[in-house]
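Asks: The structure's right below; bear with me while I get my questions together.
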Amino acid sequence: MRTRHGRHEISALVARPDPAEHEHMARQITLLGLGRMGRAVAARLTARGHDVTTWTRSGGGTAGTPAAAVASADVVVLCLYDAAACAAVLDEVAGHLPPGAVVVNTATVGPQEAATLAQQVATTGARYLHAPVLGSTSAAASGGLTVLAGGDPGGAAPVLVDLGDVLACGDAAQAAAAKLVANGVLAGAALTVRDGLVRAARLDLPTDLALDVLERTALGALVRAKRDRLATGSADPGERPGADFTAAALGKDVALLAAALAPTASDADIAALMTPAEADPAVLAPLHDYAAGHATGDSSYHRRAFLPTAHVEGLREGRFTSWTLEEYCALFTGSPAPDEAARWRRVDQVSVTGTTGTATMTLHHGPDVFTDSFVLLRVDGAWRIANKTYHRA
């Protein structure tokens, strides 16, 4: 096994097979989940000579039930949306997995969720490999994915190398964490490209020229891959360019990352992702609560985030407004906004000196973009928001 800069690549363990020998390494594969990625993976594995049986919860596939689908499988591949879907499907196939089968889970889940799923599979006598992937459906079709393997691939090794390069990532939880780190970078890069295009539009720079320039930056590969999509509506803050999966899926992954980074504020939305890495989690806590209040419509988060004496001040339709905390909390209904799935928020800056600090946050709420500025104080050992001002664009 080779090492490079402290990272392990599976080279001896899952060396890419010689094409002449590949037919002898073909596996009976069951693929559960036929979304965009699931269909691409199934087509790739079939093209590589594996016998692939498919099933999906929404109907379709070559097997009528998940139990029938896995009955003779050497390898069971999960291409599902989240941990809840994985757990539900695994419950359905429990007792039907052949002895020695390897369950390869490509879903993006949290580290603790991956560990729990591994335990769930262990009770069936099968082996669990957490193996989220980096890459799009086109990469899956060409065998160009990067597979983040958490565990020993065992008999699934030929399957993994047919999907792309395999990077050993320790155990299941570490592989899940690695995928969240990668998707966090993707989200940050997409937002950076978006910000560049917004600035270009404000400077009256033609979109094509802006994209030509961005292609020559460190984000060039992302811009080149998404140029067609970036060239149409790219300056719209709601587009969140840069992914071959939906904004909702990336948002789900961002929420997992936020929860893993700040487990006491699992409803913190995107705020934890876009915060400077060196920021003290204790300083971020009221900002996470503030974001959660917007995401859920639950004003109790705001009461926890702000000091009781706080005011929220800004201009509404050109007129100065100043709300007390209670007046501000009264604006929230207790339910998320109808378009919450399309909204996003990020912490832009945090600065602390002793017991006082400042922070700024950008909130994209439908057609409105808010820039919020906070004064923070550490009172009785806990950080709270003393006051907030905002600009609405």
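Ordered as shown in the structure tokens, chains take letters A, B, and onward, while each chain numbers its residues from 1 and ligands are numbered from 1 in the order shown.
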Need to verify the contact set: Arg392 of chain A, 9 Å, only C-alpha atoms, exclusion of same-chain residues closer than 6 positions in sequence. Can you return it as a CSV table (one decimal) with all heavy atoms, in the first residue's frame?

Replies:
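Result written to out21.csv:
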```csv
chain,number,residue,atom,x,y,z
A,314,GLY,N,-32.7,49.0,11.2
A,314,GLY,CA,-32.3,49.1,9.8
A,314,GLY,C,-33.3,50.0,9.1
A,314,GLY,O,-34.2,50.7,9.8
A,315,LEU,N,-33.2,50.1,7.8
A,315,LEU,CA,-34.2,50.9,7.0
A,315,LEU,C,-35.1,49.9,6.3
A,315,LEU,O,-34.7,49.0,5.6
A,315,LEU,CB,-33.4,51.7,6.0
A,315,LEU,CG,-32.4,52.7,6.5
A,315,LEU,CD1,-31.7,53.4,5.4
A,315,LEU,CD2,-33.2,53.7,7.4
A,316,ARG,N,-36.4,50.2,6.4
A,316,ARG,CA,-37.4,49.5,5.6
A,316,ARG,C,-38.2,50.5,4.8
A,316,ARG,O,-38.8,51.5,5.3
A,316,ARG,CB,-38.4,48.8,6.6
A,316,ARG,CG,-37.8,47.7,7.3
A,316,ARG,CD,-38.8,47.0,8.3
A,316,ARG,NE,-39.9,46.4,7.7
A,316,ARG,CZ,-39.9,45.2,7.2
A,316,ARG,NH1,-38.9,44.4,7.3
A,316,ARG,NH2,-41.0,44.7,6.6
A,368,ASP,N,-34.8,38.9,-1.8
A,368,ASP,CA,-34.1,39.8,-0.9
A,368,ASP,C,-32.7,39.2,-0.4
A,368,ASP,O,-32.6,38.0,-0.1
A,368,ASP,CB,-35.0,40.1,0.3
A,368,ASP,CG,-36.2,40.8,0.0
A,368,ASP,OD1,-36.2,41.7,-0.9
A,368,ASP,OD2,-37.3,40.5,0.6
A,369,VAL,N,-31.7,40.1,-0.4
A,369,VAL,CA,-30.4,39.8,0.2
A,369,VAL,C,-30.2,40.7,1.3
A,369,VAL,O,-30.2,41.9,1.2
A,369,VAL,CB,-29.3,39.9,-0.9
A,369,VAL,CG1,-28.0,39.5,-0.3
A,369,VAL,CG2,-29.6,39.0,-2.1
A,370,PHE,N,-30.0,40.1,2.5
A,370,PHE,CA,-29.7,40.9,3.7
A,370,PHE,C,-28.3,40.8,4.1
A,370,PHE,O,-27.7,39.7,4.1
A,370,PHE,CB,-30.6,40.4,4.9
A,370,PHE,CG,-32.1,40.6,4.7
A,370,PHE,CD1,-32.8,39.7,4.1
A,370,PHE,CD2,-32.7,41.7,5.2
A,370,PHE,CE1,-34.2,39.9,3.9
A,370,PHE,CE2,-34.0,41.9,5.1
A,370,PHE,CZ,-34.8,41.0,4.4
A,371,THR,N,-27.7,41.9,4.5
A,371,THR,CA,-26.4,41.9,5.2
A,371,THR,C,-26.6,42.3,6.6
A,371,THR,O,-27.1,43.4,6.9
A,371,THR,CB,-25.4,42.8,4.5
A,371,THR,OG1,-25.2,42.5,3.2
A,371,THR,CG2,-24.1,42.8,5.2
A,372,ASP,N,-26.4,41.4,7.6
A,372,ASP,CA,-26.6,41.6,9.0
A,372,ASP,C,-25.3,41.9,9.7
A,372,ASP,O,-24.3,41.1,9.4
A,372,ASP,CB,-27.3,40.4,9.6
A,372,ASP,CG,-28.8,40.3,9.2
A,372,ASP,OD1,-29.3,41.2,8.5
A,372,ASP,OD2,-29.4,39.3,9.5
```

Asks: Please provide as a list of chain:residue names all residues within 6 Å of segment 78-85 of chain A, with the sequence filter that same-chain residues fewer than 5 positions apart are discarded (counting only C-alpha atoms).

Replies: A:Leu32, A:Gly33, A:Gly38, A:Asn105, A:Thr106, A:Ala107, A:Val109

Asks: May I have the selected residues written with C-alpha atoms, as an mmCIF file, in the first residue's frame?

Replies:
```
data_model
loop_
_atom_site.group_PDB
_atom_site.id
_atom_site.type_symbol
_atom_site.label_atom_id
_atom_site.label_comp_id
_atom_site.auth_asym_id
_atom_site.auth_seq_id
_atom_site.Cartn_x
_atom_site.Cartn_y
_atom_site.Cartn_z
ATOM 1 C CA LEU A 32 -30.757 -0.235 -4.594
ATOM 2 C CA GLY A 33 -31.812 3.276 -5.613
ATOM 3 C CA GLY A 38 -27.912 5.194 -9.269
ATOM 4 C CA ASN A 105 -23.108 2.546 0.709
ATOM 5 C CA THR A 106 -22.455 5.531 -1.570
ATOM 6 C CA ALA A 107 -24.866 7.874 0.245
ATOM 7 C CA VAL A 109 -24.455 10.913 5.486
#
```

Asks: Excluding Gln28 of chain A and any residue of its chain fewer than 5 positions from it, enumerate the residues within 8 Å of it, using only C-alpha atoms, and give them as a PyMOL selection string.

Replies: chain A and resi 50-53+72-75

Asks: Near segment 331-334 of chain A, counting only C-alpha atoms, which residues have an atom at most 12 Å away, once you skip same-chain residues fewer than 6 positions from it, shown as a list in words?

Replies: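 Here the qualifying residues turn out to be Ala292, Gly293, His294, Ala295, Thr296, Gly297, Asp298, Ser299, Ser300, Tyr301, His302, Arg303, Val312, Trp323, Thr324 and Leu325 of chain A.
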
Asks: Okay, now the selection with all heavy atoms, as a CSV table (one decimal), in the first residue's frame?

Replies:
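Wrote it out as out27.csv, contents follow:
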```csv
chain,number,residue,atom,x,y,z
A,292,ALA,N,-30.8,29.4,12.8
A,292,ALA,CA,-31.8,28.4,13.0
A,292,ALA,C,-33.2,29.1,13.2
A,292,ALA,O,-34.2,28.5,12.8
A,292,ALA,CB,-31.4,27.6,14.2
A,293,GLY,N,-33.2,30.2,13.8
A,293,GLY,CA,-34.5,30.9,14.0
A,293,GLY,C,-35.1,31.3,12.6
A,293,GLY,O,-36.3,31.1,12.4
A,294,HIS,N,-34.3,31.7,11.7
A,294,HIS,CA,-34.8,32.0,10.4
A,294,HIS,C,-35.2,30.7,9.6
A,294,HIS,O,-36.2,30.7,8.9
A,294,HIS,CB,-33.7,32.7,9.6
A,294,HIS,CG,-33.6,34.2,9.9
A,294,HIS,ND1,-34.6,35.1,9.4
A,294,HIS,CD2,-32.7,34.9,10.6
A,294,HIS,CE1,-34.3,36.3,9.8
A,294,HIS,NE2,-33.2,36.2,10.5
A,295,ALA,N,-34.4,29.7,9.8
A,295,ALA,CA,-34.6,28.4,9.0
A,295,ALA,C,-35.9,27.8,9.5
A,295,ALA,O,-36.6,27.1,8.7
A,295,ALA,CB,-33.5,27.5,9.2
A,296,THR,N,-36.2,27.9,10.8
A,296,THR,CA,-37.4,27.2,11.4
A,296,THR,C,-38.6,28.0,11.6
A,296,THR,O,-39.7,27.5,11.8
A,296,THR,CB,-37.0,26.5,12.7
A,296,THR,OG1,-36.6,27.5,13.6
A,296,THR,CG2,-35.8,25.6,12.5
A,297,GLY,N,-38.4,29.4,11.7
A,297,GLY,CA,-39.5,30.2,12.1
A,297,GLY,C,-39.8,30.2,13.6
A,297,GLY,O,-40.7,30.8,14.0
A,298,ASP,N,-38.9,29.6,14.3
A,298,ASP,CA,-39.1,29.4,15.8
A,298,ASP,C,-38.3,30.5,16.5
A,298,ASP,O,-37.1,30.5,16.5
A,298,ASP,CB,-38.6,28.0,16.2
A,298,ASP,CG,-38.8,27.8,17.7
A,298,ASP,OD1,-39.2,28.7,18.4
A,298,ASP,OD2,-38.6,26.6,18.1
A,299,SER,N,-39.1,31.5,17.1
A,299,SER,CA,-38.4,32.6,17.7
A,299,SER,C,-37.7,32.3,19.0
A,299,SER,O,-36.9,33.1,19.5
A,299,SER,CB,-39.5,33.7,18.1
A,299,SER,OG,-40.5,33.2,19.0
A,300,SER,N,-37.8,31.1,19.5
A,300,SER,CA,-37.1,30.7,20.7
A,300,SER,C,-35.6,30.7,20.5
A,300,SER,O,-34.8,30.9,21.3
A,300,SER,CB,-37.5,29.3,21.3
A,300,SER,OG,-37.2,28.3,20.4
A,301,TYR,N,-35.2,30.4,19.2
A,301,TYR,CA,-33.8,30.4,18.8
A,301,TYR,C,-33.3,31.9,19.0
A,301,TYR,O,-32.2,32.1,19.4
A,301,TYR,CB,-33.6,29.9,17.4
A,301,TYR,CG,-33.7,28.4,17.3
A,301,TYR,CD1,-34.8,27.8,16.7
A,301,TYR,CD2,-32.6,27.6,17.6
A,301,TYR,CE1,-34.9,26.5,16.5
A,301,TYR,CE2,-32.7,26.2,17.5
A,301,TYR,CZ,-33.8,25.7,16.9
A,301,TYR,OH,-33.9,24.3,16.8
A,302,HIS,N,-34.1,32.8,18.6
A,302,HIS,CA,-33.7,34.2,18.6
A,302,HIS,C,-33.6,34.7,20.1
A,302,HIS,O,-32.6,35.4,20.4
A,302,HIS,CB,-34.6,35.1,17.9
A,302,HIS,CG,-34.6,34.9,16.4
A,302,HIS,ND1,-33.5,35.0,15.6
A,302,HIS,CD2,-35.6,34.5,15.5
A,302,HIS,CE1,-33.7,34.7,14.4
A,302,HIS,NE2,-35.0,34.4,14.3
A,303,ARG,N,-34.5,34.3,20.9
A,303,ARG,CA,-34.4,34.6,22.3
A,303,ARG,C,-33.1,34.1,23.0
A,303,ARG,O,-32.6,34.7,23.9
A,303,ARG,CB,-35.6,34.2,23.1
A,303,ARG,CG,-36.9,34.9,22.7
A,303,ARG,CD,-38.1,34.6,23.6
A,303,ARG,NE,-39.2,35.5,23.3
A,303,ARG,CZ,-40.2,35.2,22.4
A,303,ARG,NH1,-40.1,34.0,21.7
A,303,ARG,NH2,-41.1,36.0,22.1
A,312,VAL,N,-33.0,45.5,17.1
A,312,VAL,CA,-32.7,45.2,15.7
A,312,VAL,C,-33.1,46.4,14.9
A,312,VAL,O,-34.3,46.8,14.9
A,312,VAL,CB,-33.6,43.9,15.2
A,312,VAL,CG1,-33.4,43.7,13.7
A,312,VAL,CG2,-33.1,42.7,16.0
A,323,TRP,N,-36.6,47.7,16.4
A,323,TRP,CA,-37.4,46.8,17.1
A,323,TRP,C,-36.8,46.3,18.4
A,323,TRP,O,-35.5,46.1,18.5
A,323,TRP,CB,-37.7,45.5,16.3
A,323,TRP,CG,-38.6,45.7,15.1
A,323,TRP,CD1,-39.8,46.2,15.1
A,323,TRP,CD2,-38.3,45.3,13.8
A,323,TRP,NE1,-40.3,46.2,13.8
A,323,TRP,CE2,-39.4,45.6,13.0
A,323,TRP,CE3,-37.2,44.7,13.2
A,323,TRP,CZ2,-39.4,45.4,11.6
A,323,TRP,CZ3,-37.2,44.5,11.8
A,323,TRP,CH2,-38.3,44.8,11.0
A,324,THR,N,-37.6,46.1,19.5
A,324,THR,CA,-37.1,45.4,20.6
A,324,THR,C,-37.0,43.9,20.3
A,324,THR,O,-37.5,43.5,19.2
A,324,THR,CB,-38.0,45.6,21.8
A,324,THR,OG1,-39.3,45.0,21.5
A,324,THR,CG2,-38.2,47.1,22.1
A,325,LEU,N,-36.4,43.2,21.1
A,325,LEU,CA,-36.3,41.7,20.9
A,325,LEU,C,-37.7,41.1,20.7
A,325,LEU,O,-37.9,40.3,19.8
A,325,LEU,CB,-35.5,41.0,21.9
A,325,LEU,CG,-35.4,39.5,21.8
A,325,LEU,CD1,-34.7,39.1,20.5
A,325,LEU,CD2,-34.6,38.9,23.0
```

Asks: For Thr116 of chain A, list every protein, DNA or RNA residue within 10 Å, evaluated using only C-alpha atoms, and leave out those in the same chain fewer than 6 positions away; present the list as a ChimeraX atom specification.

Replies: /A:83,87,110,122,172-173

Asks: Can you tell me which residues surround Val93 of chain A at a distance of at most 6 Å, considering only C-alpha atoms, apart from same-chain residues fewer than 3 positions away, and format the answer as JSON, numbers by chain?

Replies: {"A": [67, 90, 96]}

Asks: Looking at A:Arg27, A:His288, A:Arg202, A:His311, which one is nearest to Thr389 of chain A, with distances taken over only C-alpha atoms?

Replies: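 The shortest atom-to-atom distance to Thr389 of chain A comes from A:His311.
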
Asks: Near Leu134 of chain A, counting only C-alpha atoms, which residues have an atom at most 7 Å away, once you skip same-chain residues fewer than 3 positions from it, shown as a list of chain:residue names?

Replies: A:Leu145, A:Thr146, A:Val147

Asks: Keeping N, CA, C and O atoms, export the residues of the selection given above as a JSON list (two decimals), in the first residue's frame.

Replies:
```
[["chain", "number", "residue", "atom", "x", "y", "z"],
["A", 145, "LEU", "N", -15.06, 8.34, -11.22],
["A", 145, "LEU", "CA", -15.36, 8.77, -9.85],
["A", 145, "LEU", "C", -14.14, 8.59, -8.95],
["A", 145, "LEU", "O", -13.24, 7.82, -9.25],
["A", 146, "THR", "N", -14.14, 9.30, -7.84],
["A", 146, "THR", "CA", -13.23, 8.98, -6.73],
["A", 146, "THR", "C", -14.08, 8.35, -5.63],
["A", 146, "THR", "O", -15.06, 8.96, -5.18],
["A", 147, "VAL", "N", -13.72, 7.15, -5.23],
["A", 147, "VAL", "CA", -14.47, 6.42, -4.21],
["A", 147, "VAL", "C", -13.73, 6.56, -2.89],
["A", 147, "VAL", "O", -12.57, 6.19, -2.77]]
```

Asks: Taking only C-alpha atoms into account, name the residue in A:Thr321, A:Leu191, A:Leu205, A:Gly196 that is nearest to Asp348 of chain A.

Replies: A:Leu191

Asks: From the list A:Ser351, A:Thr62, A:Thr137, A:Thr360, which residue is nearest Gly35 of chain A when using only C-alpha atoms?

Replies: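 Counting only C-alpha atoms, the residue closest to Gly35 of chain A is A:Thr137.
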
Asks: Tell me, in Å to one decimal, how far atom CA of Thr65 of chain A is from atom CA of Pro99 of chain A.

Replies: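 Straight-line distance from atom CA of Thr65 of chain A to atom CA of Pro99 of chain A works out to 19.1 Å.
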
Asks: Between A:Ala168, A:Leu148, A:Ala200, A:Val70, which has the minimum distance to Leu180 of chain A (counting only C-alpha atoms)?

Replies: A:Leu148

Asks: Using only C-alpha atoms, which residue out of A:Ala47, A:Leu214, A:Val223, A:Ala393 lies closest to Thr362 of chain A?

Replies: A:Ala393

Asks: Which of segment 67-302 of chain A end up as strand (DSSP E) when DSSP is run on this backbone - answer as a CSV table (one decimal) with all heavy atoms, in the first residue's frame?

Replies:
```
chain,number,residue,atom,x,y,z
A,75,VAL,N,-22.4,-8.3,-3.9
A,75,VAL,CA,-22.2,-6.9,-3.5
A,75,VAL,C,-23.6,-6.2,-3.6
A,75,VAL,O,-24.3,-6.3,-4.7
A,75,VAL,CB,-21.2,-6.2,-4.4
A,75,VAL,CG1,-21.1,-4.7,-4.0
A,75,VAL,CG2,-19.9,-6.9,-4.3
A,76,VAL,N,-24.0,-5.5,-2.6
A,76,VAL,CA,-25.2,-4.6,-2.6
A,76,VAL,C,-24.8,-3.2,-2.5
A,76,VAL,O,-24.1,-2.8,-1.6
A,76,VAL,CB,-26.1,-5.0,-1.4
A,76,VAL,CG1,-27.3,-4.1,-1.4
A,76,VAL,CG2,-26.5,-6.4,-1.5
A,77,VAL,N,-25.1,-2.4,-3.6
A,77,VAL,CA,-24.7,-1.0,-3.6
A,77,VAL,C,-25.9,-0.2,-3.3
A,77,VAL,O,-27.0,-0.3,-4.0
A,77,VAL,CB,-24.2,-0.6,-5.0
A,77,VAL,CG1,-23.8,0.8,-5.1
A,77,VAL,CG2,-23.0,-1.5,-5.4
A,78,LEU,N,-25.8,0.7,-2.3
A,78,LEU,CA,-26.9,1.6,-2.0
A,78,LEU,C,-26.6,3.0,-2.6
A,78,LEU,O,-25.5,3.6,-2.4
A,78,LEU,CB,-26.9,1.8,-0.5
A,78,LEU,CG,-27.2,0.6,0.4
A,78,LEU,CD1,-27.3,1.0,1.9
A,78,LEU,CD2,-28.4,-0.2,-0.1
A,102,VAL,N,-21.2,-8.0,0.6
A,102,VAL,CA,-20.7,-6.7,1.0
A,102,VAL,C,-21.7,-5.6,0.7
A,102,VAL,O,-22.1,-5.5,-0.5
A,102,VAL,CB,-19.3,-6.4,0.3
A,102,VAL,CG1,-18.8,-5.0,0.8
A,102,VAL,CG2,-18.3,-7.5,0.6
A,103,VAL,N,-22.1,-4.8,1.6
A,103,VAL,CA,-23.0,-3.7,1.4
A,103,VAL,C,-22.1,-2.4,1.2
A,103,VAL,O,-21.4,-2.0,2.1
A,103,VAL,CB,-24.0,-3.5,2.6
A,103,VAL,CG1,-24.8,-2.2,2.3
A,103,VAL,CG2,-24.9,-4.7,2.7
A,104,VAL,N,-22.2,-1.9,0.0
A,104,VAL,CA,-21.4,-0.7,-0.3
A,104,VAL,C,-22.3,0.5,-0.4
A,104,VAL,O,-23.2,0.6,-1.2
A,104,VAL,CB,-20.7,-0.8,-1.7
A,104,VAL,CG1,-19.9,0.5,-2.1
A,104,VAL,CG2,-19.7,-2.0,-1.7
A,105,ASN,N,-22.2,1.4,0.6
A,105,ASN,CA,-23.1,2.5,0.7
A,105,ASN,C,-22.5,3.8,0.2
A,105,ASN,O,-21.5,4.3,0.7
A,105,ASN,CB,-23.5,2.8,2.2
A,105,ASN,CG,-24.6,3.8,2.3
A,105,ASN,OD1,-25.1,4.3,1.3
A,105,ASN,ND2,-25.0,4.0,3.6
A,127,ARG,N,-21.0,-7.6,5.4
A,127,ARG,CA,-19.9,-6.6,5.7
A,127,ARG,C,-20.4,-5.3,5.1
A,127,ARG,O,-21.0,-5.2,4.1
A,127,ARG,CB,-18.7,-7.1,4.9
A,127,ARG,CG,-17.5,-6.1,5.0
A,127,ARG,CD,-16.3,-6.5,4.2
A,127,ARG,NE,-15.7,-7.7,4.8
A,127,ARG,CZ,-14.7,-8.4,4.2
A,127,ARG,NH1,-14.2,-8.0,3.1
A,127,ARG,NH2,-14.2,-9.5,4.8
A,128,TYR,N,-20.0,-4.2,5.8
A,128,TYR,CA,-20.4,-2.9,5.4
A,128,TYR,C,-19.2,-2.1,5.0
A,128,TYR,O,-18.2,-2.1,5.7
A,128,TYR,CB,-21.1,-2.1,6.6
A,128,TYR,CG,-21.6,-0.7,6.3
A,128,TYR,CD1,-22.8,-0.5,5.7
A,128,TYR,CD2,-20.8,0.4,6.6
A,128,TYR,CE1,-23.2,0.8,5.4
A,128,TYR,CE2,-21.2,1.7,6.3
A,128,TYR,CZ,-22.5,1.8,5.7
A,128,TYR,OH,-22.9,3.1,5.4
A,129,LEU,N,-19.3,-1.4,3.9
A,129,LEU,CA,-18.3,-0.5,3.4
A,129,LEU,C,-18.9,0.8,3.1
A,129,LEU,O,-19.8,0.9,2.2
A,129,LEU,CB,-17.6,-1.1,2.1
A,129,LEU,CG,-16.5,-0.2,1.5
A,129,LEU,CD1,-15.3,-0.2,2.4
A,129,LEU,CD2,-16.2,-0.6,0.1
A,130,HIS,N,-18.5,1.9,3.8
A,130,HIS,CA,-19.1,3.2,3.5
A,130,HIS,C,-18.2,3.8,2.4
A,130,HIS,O,-17.0,3.9,2.5
A,130,HIS,CB,-19.1,4.1,4.7
A,130,HIS,CG,-20.0,5.3,4.5
A,130,HIS,ND1,-21.3,5.1,4.4
A,130,HIS,CD2,-19.7,6.6,4.3
A,130,HIS,CE1,-21.9,6.3,4.2
A,130,HIS,NE2,-20.9,7.2,4.1
A,133,VAL,N,-18.9,8.9,-3.0
A,133,VAL,CA,-18.1,9.2,-4.2
A,133,VAL,C,-18.0,10.7,-4.5
A,133,VAL,O,-18.9,11.5,-4.1
A,133,VAL,CB,-18.6,8.5,-5.4
A,133,VAL,CG1,-18.6,7.0,-5.2
A,133,VAL,CG2,-20.1,9.0,-5.8
A,134,LEU,N,-16.9,11.1,-5.1
A,134,LEU,CA,-16.7,12.4,-5.6
A,134,LEU,C,-16.8,12.3,-7.1
A,134,LEU,O,-16.2,11.5,-7.8
A,134,LEU,CB,-15.3,12.9,-5.3
A,134,LEU,CG,-14.9,12.9,-3.8
A,134,LEU,CD1,-13.5,13.5,-3.6
A,134,LEU,CD2,-16.0,13.6,-2.9
A,145,LEU,N,-15.1,8.3,-11.2
A,145,LEU,CA,-15.4,8.8,-9.9
A,145,LEU,C,-14.1,8.6,-9.0
A,145,LEU,O,-13.2,7.8,-9.3
A,145,LEU,CB,-16.5,8.0,-9.3
A,145,LEU,CG,-17.9,8.1,-10.0
A,145,LEU,CD1,-18.9,7.1,-9.4
A,145,LEU,CD2,-18.4,9.5,-9.8
A,146,THR,N,-14.1,9.3,-7.8
A,146,THR,CA,-13.2,9.0,-6.7
A,146,THR,C,-14.1,8.4,-5.6
A,146,THR,O,-15.1,9.0,-5.2
A,146,THR,CB,-12.5,10.2,-6.2
A,146,THR,OG1,-11.7,10.8,-7.2
A,146,THR,CG2,-11.7,9.9,-5.0
A,147,VAL,N,-13.7,7.2,-5.2
A,147,VAL,CA,-14.5,6.4,-4.2
A,147,VAL,C,-13.7,6.6,-2.9
A,147,VAL,O,-12.6,6.2,-2.8
A,147,VAL,CB,-14.6,4.9,-4.6
A,147,VAL,CG1,-15.4,4.2,-3.5
A,147,VAL,CG2,-15.2,4.8,-6.0
A,148,LEU,N,-14.4,7.1,-1.9
A,148,LEU,CA,-13.8,7.3,-0.6
A,148,LEU,C,-14.2,6.1,0.3
A,148,LEU,O,-15.3,6.0,0.8
A,148,LEU,CB,-14.4,8.6,0.1
A,148,LEU,CG,-14.2,9.9,-0.8
A,148,LEU,CD1,-14.8,11.0,-0.1
A,148,LEU,CD2,-12.7,10.1,-1.1
A,149,ALA,N,-13.3,5.1,0.4
A,149,ALA,CA,-13.6,3.8,1.0
A,149,ALA,C,-13.3,3.8,2.5
A,149,ALA,O,-12.2,4.0,2.9
A,149,ALA,CB,-12.8,2.7,0.3
A,164,GLY,N,-13.9,3.9,-10.5
A,164,GLY,CA,-12.9,5.0,-10.6
A,164,GLY,C,-11.8,4.7,-9.6
A,164,GLY,O,-11.5,3.6,-9.3
A,165,ASP,N,-11.1,5.8,-9.2
A,165,ASP,CA,-10.0,5.7,-8.3
A,165,ASP,C,-10.5,5.5,-6.9
A,165,ASP,O,-11.6,6.1,-6.5
A,165,ASP,CB,-9.1,6.9,-8.3
A,165,ASP,CG,-8.4,7.1,-9.7
A,165,ASP,OD1,-8.1,6.0,-10.3
A,165,ASP,OD2,-8.3,8.2,-10.2
A,166,VAL,N,-9.8,4.7,-6.1
A,166,VAL,CA,-10.3,4.4,-4.7
A,166,VAL,C,-9.3,5.0,-3.7
A,166,VAL,O,-8.1,4.7,-3.8
A,166,VAL,CB,-10.4,2.9,-4.5
A,166,VAL,CG1,-11.0,2.6,-3.1
A,166,VAL,CG2,-11.3,2.3,-5.6
A,167,LEU,N,-9.8,5.8,-2.8
A,167,LEU,CA,-8.9,6.4,-1.7
A,167,LEU,C,-9.4,5.8,-0.4
A,167,LEU,O,-10.5,5.9,0.0
A,167,LEU,CB,-9.1,7.9,-1.7
A,167,LEU,CG,-8.3,8.7,-0.7
A,167,LEU,CD1,-6.8,8.6,-1.0
A,167,LEU,CD2,-8.7,10.1,-0.7
A,168,ALA,N,-8.4,5.1,0.3
A,168,ALA,CA,-8.7,4.5,1.6
A,168,ALA,C,-8.9,5.7,2.6
A,168,ALA,O,-8.0,6.5,2.8
A,168,ALA,CB,-7.6,3.6,2.0
```

Asks: For each of A:Met37, A:Ala131, A:Thr30, A:Gly59, take the minimum atom-to-atom distance to Leu97 of chain A, counting only C-alpha atoms, then give the residue where this is smallest.

Replies: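 For Leu97 of chain A, the nearest of the given residues is A:Thr30.
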